[in-house]
file model-v4.cif (mmCIF, C-alpha atoms and all ligand atoms)
data_query
loop_
_atom_site.label_atom_id
_atom_site.label_comp_id
_atom_site.auth_asym_id
_atom_site.auth_seq_id
_atom_site.Cartn_x
_atom_site.Cartn_y
_atom_site.Cartn_z
CA MET W 1 -9.36 0.33 0.13
CA SER W 2 -6.16 -0.68 -1.56
CA ILE W 3 -4.76 -3.83 -2.99
CA PRO W 4 -2.15 -5.77 -1.08
CA PHE W 5 0.09 -6.55 -4.02
CA PRO W 6 3.68 -7.01 -3.03
CA ILE W 7 5.17 -3.80 -4.19
CA CYS W 8 8.80 -3.28 -4.86
CA ARG W 9 10.22 0.14 -5.41
CA PRO W 10 13.93 -0.17 -5.78
CA VAL W 11 15.83 3.02 -6.02
CA THR W 12 18.68 3.44 -8.42
CA LEU W 13 21.44 2.84 -5.94
CA ALA W 14 23.91 4.53 -8.24
CA ALA W 15 21.85 7.70 -7.88
CA LEU W 16 22.37 7.55 -4.14
CA ALA W 17 26.10 6.93 -4.26
CA GLY W 18 28.01 9.94 -3.16
CA LEU W 19 25.05 11.49 -1.39
CA SER W 20 25.69 11.72 2.27
CA PHE W 21 24.05 13.92 4.80
CA GLY W 22 24.99 14.93 8.24
CA VAL W 23 21.81 13.87 9.95
CA SER W 24 22.92 14.33 13.48
CA ALA W 25 25.85 15.69 15.37
CA HIS W 26 26.93 12.16 16.12
CA ALA W 27 26.36 10.08 13.04
CA ALA W 28 26.09 10.78 9.33
CA GLY W 29 23.55 8.49 7.80
CA ASP W 30 24.22 6.53 4.67
CA PRO W 31 21.36 6.86 2.16
CA ILE W 32 22.27 3.60 0.43
CA ARG W 33 21.93 1.65 3.64
CA GLY W 34 18.84 3.76 4.30
CA ALA W 35 17.30 2.57 1.03
CA GLN W 36 17.73 -0.99 2.25
CA ALA W 37 16.26 -0.17 5.64
CA ALA W 38 13.29 1.49 3.90
CA ARG W 39 12.13 -1.94 2.78
CA THR W 40 10.33 -2.17 6.09
CA CYS W 41 8.34 0.92 5.14
CA ILE W 42 7.20 -0.04 1.64
CA ALA W 43 4.51 -2.42 2.82
CA CYS W 44 2.66 0.75 3.81
CA HIS W 45 4.35 3.68 2.07
CA SER W 46 5.45 4.68 -1.38
CA PHE W 47 8.31 7.12 -1.90
CA ALA W 48 6.81 8.18 -5.23
CA PRO W 49 4.93 11.50 -5.27
CA GLY W 50 1.18 11.25 -4.88
CA ARG W 51 1.03 7.48 -4.34
CA ASN W 52 -0.79 6.99 -1.05
CA MET W 53 -1.22 3.50 0.36
CA THR W 54 -1.89 2.42 3.96
CA GLY W 55 0.23 5.41 4.83
CA PRO W 56 0.81 8.68 2.94
CA SER W 57 3.40 9.09 0.19
CA LEU W 58 6.75 9.90 1.76
CA ALA W 59 7.99 11.89 -1.23
CA GLY W 60 8.83 15.35 0.02
CA VAL W 61 8.25 14.47 3.66
CA TRP W 62 11.41 16.26 4.78
CA GLY W 63 10.42 19.70 6.03
CA ARG W 64 6.70 19.04 5.54
CA LYS W 65 4.14 19.75 8.23
CA ALA W 66 2.91 16.46 9.71
CA GLY W 67 -0.42 15.25 8.41
CA THR W 68 -0.46 17.25 5.17
CA ALA W 69 0.46 14.88 2.30
CA ASP W 70 -1.70 15.70 -0.73
CA GLY W 71 -4.75 13.52 -1.11
CA PHE W 72 -4.17 11.31 1.94
CA ALA W 73 -7.54 11.01 3.68
CA ARG W 74 -6.72 8.65 6.55
CA TYR W 75 -4.56 10.68 8.92
CA SER W 76 -5.32 10.26 12.60
CA GLU W 77 -6.57 13.33 14.41
CA ALA W 78 -3.55 12.89 16.66
CA LEU W 79 -1.08 13.37 13.82
CA LYS W 80 -3.06 16.17 12.17
CA GLN W 81 -3.25 18.08 15.46
CA SER W 82 0.37 17.39 16.43
CA GLY W 83 1.71 20.63 14.95
CA LEU W 84 4.95 18.82 14.12
CA VAL W 85 7.19 19.62 11.21
CA TRP W 86 9.22 16.70 9.89
CA ASP W 87 12.74 17.84 10.55
CA GLU W 88 15.66 15.68 11.55
CA GLN W 89 14.87 15.70 15.25
CA HIS W 90 11.20 14.81 14.88
CA LEU W 91 11.69 12.19 12.18
CA ASP W 92 14.29 10.53 14.36
CA ALA W 93 11.95 10.48 17.36
CA TRP W 94 9.11 9.21 15.13
CA LEU W 95 11.12 6.33 13.72
CA LYS W 96 12.33 5.44 17.18
CA ASN W 97 8.80 5.15 18.56
CA PRO W 98 5.89 6.68 16.62
CA ALA W 99 3.36 6.21 19.44
CA ALA W 100 5.63 7.90 21.98
CA LEU W 101 6.01 10.99 19.80
CA VAL W 102 2.35 11.12 18.74
CA PRO W 103 0.11 9.16 21.11
CA GLY W 104 -2.91 7.99 19.15
CA THR W 105 -1.15 7.70 15.80
CA THR W 106 -2.41 4.95 13.52
CA MET W 107 1.06 4.08 12.23
CA THR W 108 1.23 0.63 13.77
CA PHE W 109 4.97 0.32 13.63
CA PRO W 110 7.02 -0.67 16.66
CA GLY W 111 9.89 1.68 15.87
CA ILE W 112 13.57 1.20 15.21
CA ALA W 113 15.78 1.04 18.27
CA ASP W 114 19.09 1.24 16.42
CA ALA W 115 20.24 4.87 16.09
CA ARG W 116 22.50 4.06 13.13
CA THR W 117 19.63 2.53 11.14
CA ARG W 118 17.48 5.57 11.90
CA ALA W 119 20.26 7.88 10.73
CA ASP W 120 20.51 5.89 7.50
CA LEU W 121 16.76 6.11 6.98
CA LEU W 122 16.82 9.84 7.60
CA ALA W 123 19.57 10.25 5.01
CA TYR W 124 17.44 8.29 2.57
CA LEU W 125 14.27 10.29 3.32
CA LYS W 126 16.23 13.50 2.83
CA ALA W 127 17.72 12.28 -0.44
CA VAL W 128 14.30 11.29 -1.76
CA SER W 129 12.73 14.55 -0.60
CA SER W 130 15.47 16.62 -2.24
CA GLY W 131 14.38 15.27 -5.61
CA ARG W 132 17.98 14.38 -6.40
CA VAL W 133 17.08 10.74 -6.27
CA SER W 134 14.25 9.65 -8.48
CA VAL W 135 12.09 6.85 -7.23
CA PRO W 136 10.48 4.88 -10.03
CA ASP W 137 6.74 4.86 -9.55
CA ARG W 138 6.15 1.17 -9.90
CA GLY W 139 2.77 0.91 -8.33
CA PRO W 140 0.47 -2.05 -8.30
CA PRO W 141 -0.39 -3.44 -11.74
CA ASN W 142 -3.03 -1.45 -13.58
CA LEU W 143 -6.16 -3.56 -13.30
CA LYS W 144 -7.65 -2.08 -16.47
CA GLN W 145 -5.03 -4.10 -18.29
CA ALA W 146 -5.78 -7.37 -16.54
CA ASP W 147 -5.71 -10.34 -18.88
CA ALA W 148 -8.66 -12.54 -19.77
CA SER W 149 -7.90 -15.02 -17.01
CA SER W 150 -8.40 -12.26 -14.42
CA ARG W 151 -11.32 -10.31 -15.92
CA VAL W 152 -14.53 -11.39 -14.24
CA THR W 153 -17.49 -11.62 -16.60
CA SER W 154 -20.08 -13.00 -14.19
CA MET W 155 -20.60 -14.11 -10.62
CA ARG W 156 -23.25 -16.39 -9.22
CA TYR W 157 -24.12 -17.06 -5.63
CA CYS W 158 -25.93 -20.15 -4.35
CA GLY W 159 -26.06 -21.58 -0.86
CA ASP W 160 -22.57 -21.07 0.55
CA THR W 161 -20.84 -20.89 -2.83
CA TYR W 162 -19.76 -18.22 -5.29
CA ARG W 163 -19.08 -19.23 -8.89
CA VAL W 164 -16.84 -16.75 -10.66
CA THR W 165 -16.51 -16.85 -14.44
CA THR W 166 -13.60 -15.12 -16.16
CA ALA W 167 -13.17 -13.81 -19.70
CA ASP W 168 -11.23 -16.94 -20.69
CA ARG W 169 -14.45 -18.87 -19.98
CA LYS W 170 -13.24 -20.62 -16.88
CA THR W 171 -15.46 -20.88 -13.81
CA TYR W 172 -14.12 -21.17 -10.28
CA ALA W 173 -16.16 -22.20 -7.26
CA PHE W 174 -15.35 -20.66 -3.86
CA TRP W 175 -16.68 -21.30 -0.41
CA GLU W 176 -18.20 -17.91 0.47
CA PHE W 177 -15.80 -17.44 3.36
CA ASN W 178 -12.81 -17.68 1.04
CA LEU W 179 -13.82 -14.97 -1.40
CA ARG W 180 -13.19 -11.35 -0.52
CA PHE W 181 -14.47 -8.22 -2.16
CA LYS W 182 -12.45 -5.06 -2.40
CA THR W 183 -12.73 -1.75 -4.16
CA ASP W 184 -10.00 0.20 -5.90
CA GLY W 185 -11.15 3.61 -7.05
CA SER W 186 -7.65 4.75 -7.95
CA ALA W 187 -6.35 5.29 -11.47
CA ASP W 188 -4.90 1.77 -11.27
CA GLY W 189 -8.25 0.22 -10.34
CA PRO W 190 -10.53 -1.73 -12.67
CA ALA W 191 -12.92 0.00 -15.05
CA ALA W 192 -16.52 0.47 -13.86
CA GLY W 193 -18.46 -2.79 -14.11
CA LYS W 194 -15.31 -4.76 -14.97
CA PRO W 195 -14.12 -6.43 -11.78
CA VAL W 196 -10.88 -8.36 -11.64
CA ILE W 197 -10.09 -11.50 -9.67
CA VAL W 198 -6.78 -11.95 -7.87
CA HIS W 199 -6.02 -15.41 -6.57
CA THR W 200 -4.46 -15.43 -3.14
CA GLY W 201 -3.27 -18.07 -0.76
CA MET W 202 -1.08 -21.08 -1.27
CA GLN W 203 -3.80 -23.61 -1.96
CA GLY W 204 -5.62 -21.68 -4.68
CA ASP W 205 -8.80 -21.84 -2.64
CA ARG W 206 -8.95 -18.12 -1.86
CA ALA W 207 -9.33 -15.07 -4.03
CA THR W 208 -10.26 -11.43 -4.01
CA VAL W 209 -12.58 -9.78 -6.50
CA ILE W 210 -11.75 -6.12 -6.95
CA PHE W 211 -14.47 -3.75 -8.08
CA SER W 212 -14.09 -0.10 -8.97
CA ARG W 213 -16.88 1.07 -6.61
CA PRO W 214 -18.84 -0.49 -3.72
CA ASP W 215 -22.26 0.04 -5.33
CA GLU W 216 -21.30 -2.30 -8.18
CA ILE W 217 -20.88 -5.30 -5.98
CA SER W 218 -24.34 -6.62 -5.21
CA GLY W 219 -25.70 -5.75 -8.67
CA PHE W 220 -22.95 -7.79 -10.27
CA ILE W 221 -23.66 -10.97 -8.31
CA ARG W 222 -26.61 -13.06 -9.49
CA ARG W 223 -28.38 -15.30 -7.01
CA GLU W 224 -28.67 -18.39 -9.17
CA CYS W 225 -28.47 -22.07 -8.37
CA THR W 226 -28.59 -23.74 -11.78
CA ARG W 227 -25.17 -24.63 -13.09
C1 LIG M 1 1.98 -0.87 8.99
C2 LIG M 1 2.03 0.27 8.09
C3 LIG M 1 3.17 1.24 8.20
C4 LIG M 1 4.54 0.98 8.22
C5 LIG M 1 5.23 -0.37 8.15
C6 LIG M 1 5.18 2.26 8.22
N1 LIG M 1 4.25 3.26 8.25
FE1 LIG M 1 4.64 5.25 8.33
N2 LIG M 1 2.65 5.66 8.43
C7 LIG M 1 1.65 4.71 8.40
C8 LIG M 1 0.36 5.35 8.63
C9 LIG M 1 -1.00 4.68 8.67
C10 LIG M 1 0.64 6.73 8.81
C11 LIG M 1 -0.35 7.82 9.17
C12 LIG M 1 -0.35 7.86 10.71
C13 LIG M 1 -1.36 8.78 11.36
O1 LIG M 1 -2.11 9.46 10.67
O2 LIG M 1 -1.38 8.79 12.62
C14 LIG M 1 2.09 6.88 8.67
C15 LIG M 1 2.76 8.09 8.75
C16 LIG M 1 4.12 8.26 8.55
C17 LIG M 1 4.80 9.53 8.54
C18 LIG M 1 4.15 10.89 8.70
C19 LIG M 1 3.83 11.40 7.31
C20 LIG M 1 3.07 12.70 7.23
O3 LIG M 1 2.66 13.05 6.10
O4 LIG M 1 2.87 13.37 8.26
C21 LIG M 1 6.12 9.27 8.31
C22 LIG M 1 7.25 10.29 8.21
C23 LIG M 1 6.27 7.85 8.19
N3 LIG M 1 5.03 7.25 8.34
C24 LIG M 1 7.46 7.20 7.94
C25 LIG M 1 7.61 5.82 7.92
C26 LIG M 1 8.87 5.15 7.69
C27 LIG M 1 10.18 5.86 7.37
C28 LIG M 1 8.63 3.81 7.79
C29 LIG M 1 9.62 2.67 7.72
C30 LIG M 1 10.70 2.70 8.63
C31 LIG M 1 7.20 3.64 8.06
N4 LIG M 1 6.62 4.89 8.12
C32 LIG M 1 6.55 2.43 8.22
C33 LIG M 1 1.80 3.36 8.21
C34 LIG M 1 3.01 2.69 8.23
#

call {"tool": "encode", "arguments": {"input": "model-v4.cif", "output": "structure tokens", "more": "lines below"}}
Ligand code: HEC
result
Amino acid sequence: MSIPFPICRPVTLAALAGLSFGVSAHAAGDPIRGAQAARTCIACHSFAPGRNMTGPSLAGVWGRKAGTADGFARYSEALKQSGLVWDEQHLDAWLKNPAALVPGTTMTFPGIADARTRADLLAYLKAVSSGRVSVPDRGPPNLKQADASSRVTSMRYCGDTYRVTTADRKTYAFWEFNLRFKTDGSADGPAAGKPVIVHTGMQGDRATVIFSRPDEISGFIRRECTR
């Protein structure tokens, strides 16, 4: 499972200036506009090598066989079996309508109808894949460095309520429905036995506690009703 931090991966636009690729017989995409258009992808994809999220890292996708990004364990059978190679023609068809190109894909993305925007995105994907444009790997914050207000030292459960105490000695009470548990086993995840709380939601009534592994969760929570 991964953490839904808002992630921003701006590319050095200066590095893209001057790069232009003929991506189709009709239109040459503009990688700078493509970088802007790629904002719709970064909720699910990183362009940094090796950083897999909801979707696989798109670093080096140009020319790669579909379904083969290193370390990505959630490909659909449909994509793995597709036999596609990500060249200009197939990437264009994919971005136009993923489910039409690969029925059964789990990329829940409606597609981009505008041919110009697709050409721009292709130019950007090619630029990133060529390695000529470096994409800073600004991933989610490293939870091992969470500050005292986020480091969970104990959790109690009573009735319908969790009480979460943090390293700055504050205790927060949550209705059980408003507290989520997640795991992050990546290098950015919390250390074993040192979960981290992330407050979510506008009202401050919801939060997520992130553990490093699922088997830590129930052992960490004490069933205790005294306050
Ligand atoms: C809602 C999440 C989501 C969004 C938004 C999204 N993708 Fe994806 N993408 C995925 C998932 C999940 C897969 C794996 C699909 C599968 O296995 O069937 C994928 C797969 C891909 C692949 C195939 C990679 C490979 O290794 O074979 C490409 C290329 C791709 N996405 C490009 C894009 C681009 C470009 C955008 C933005 C225009 C985008 N995606 C937006 C989730 C998303």

call {"tool": "residues_near_ligand", "arguments": {"input": "model-v4.cif", "ligand": "ligand LIG 1 (chain M)", "cutoff": "6 Å", "atoms": "all atoms listed in the file", "output": "ChimeraX atom specification"}}
result
/W:38,40-41,43-44,54-56,66-69,75-76,79,105-109

call {"tool": "closest_residue", "arguments": {"input": "model-v4.cif", "among": "W:Val196, W:Ala78, W:Ala167, W:Ala73", "to": "Pro141 in chain W", "atoms": "only C-alpha atoms"}}
result
W:Val196

call {"tool": "closest_residue", "arguments": {"input": "model-v4.cif", "among": "W:Ala127, W:Leu101, W:Leu91, W:Ala115", "to": "Ala59 in chain W", "atoms": "only C-alpha atoms"}}
result
W:Ala127

call {"tool": "closest_atom_pairs", "arguments": {"input": "model-v4.cif", "of": "range 78-166 of chain W", "to": "range 177-182 of chain W", "cutoff": "10 Å", "atoms": "all atoms listed in the file", "output": "Markdown table"}}
result
| residue | atom | partner | partner_atom | distance |
| --- | --- | --- | --- | --- |
| W:Asp160 | CA | W:Phe177 | CA | 8.2 |
| W:Thr161 | CA | W:Phe177 | CA | 8.7 |
| W:Tyr162 | CA | W:Leu179 | CA | 7.8 |
| W:Val164 | CA | W:Leu179 | CA | 9.9 |

call {"tool": "residues_around", "arguments": {"input": "model-v4.cif", "residues": "Gly193 in chain W", "least_positions_apart": "4", "cutoff": "9 Å", "atoms": "all atoms listed in the file", "output": "count of residues only"}}
result
6

call {"tool": "atom_distance", "arguments": {"input": "model-v4.cif", "atom1": "CA of Tyr124 in chain W", "atom2": "CA of Lys80 in chain W"}}
result
24.0 Å

call {"tool": "residues_near_point", "arguments": {"input": "model-v4.cif", "point": "(-25.9, -15.0, -13.4)", "cutoff": "10 Å", "atoms": "only C-alpha atoms", "output": "number ranges by chain"}}
result
W: 153-157, 163-165, 220-227

call {"tool": "axis_aligned_box", "arguments": {"input": "model-v4.cif", "around": "range 27-33 of chain W", "padding_each_side": "4 Å", "output": "AutoDock Vina command-line options"}}
result
--center_x 23.9 --center_y 6.2 --center_z 6.7 --size_x 13.0 --size_y 17.1 --size_z 20.6

call {"tool": "atom_distance", "arguments": {"input": "model-v4.cif", "atom1": "CA of Ala48 in chain W", "atom2": "CA of Ala28 in chain W"}}
result
24.3 Å
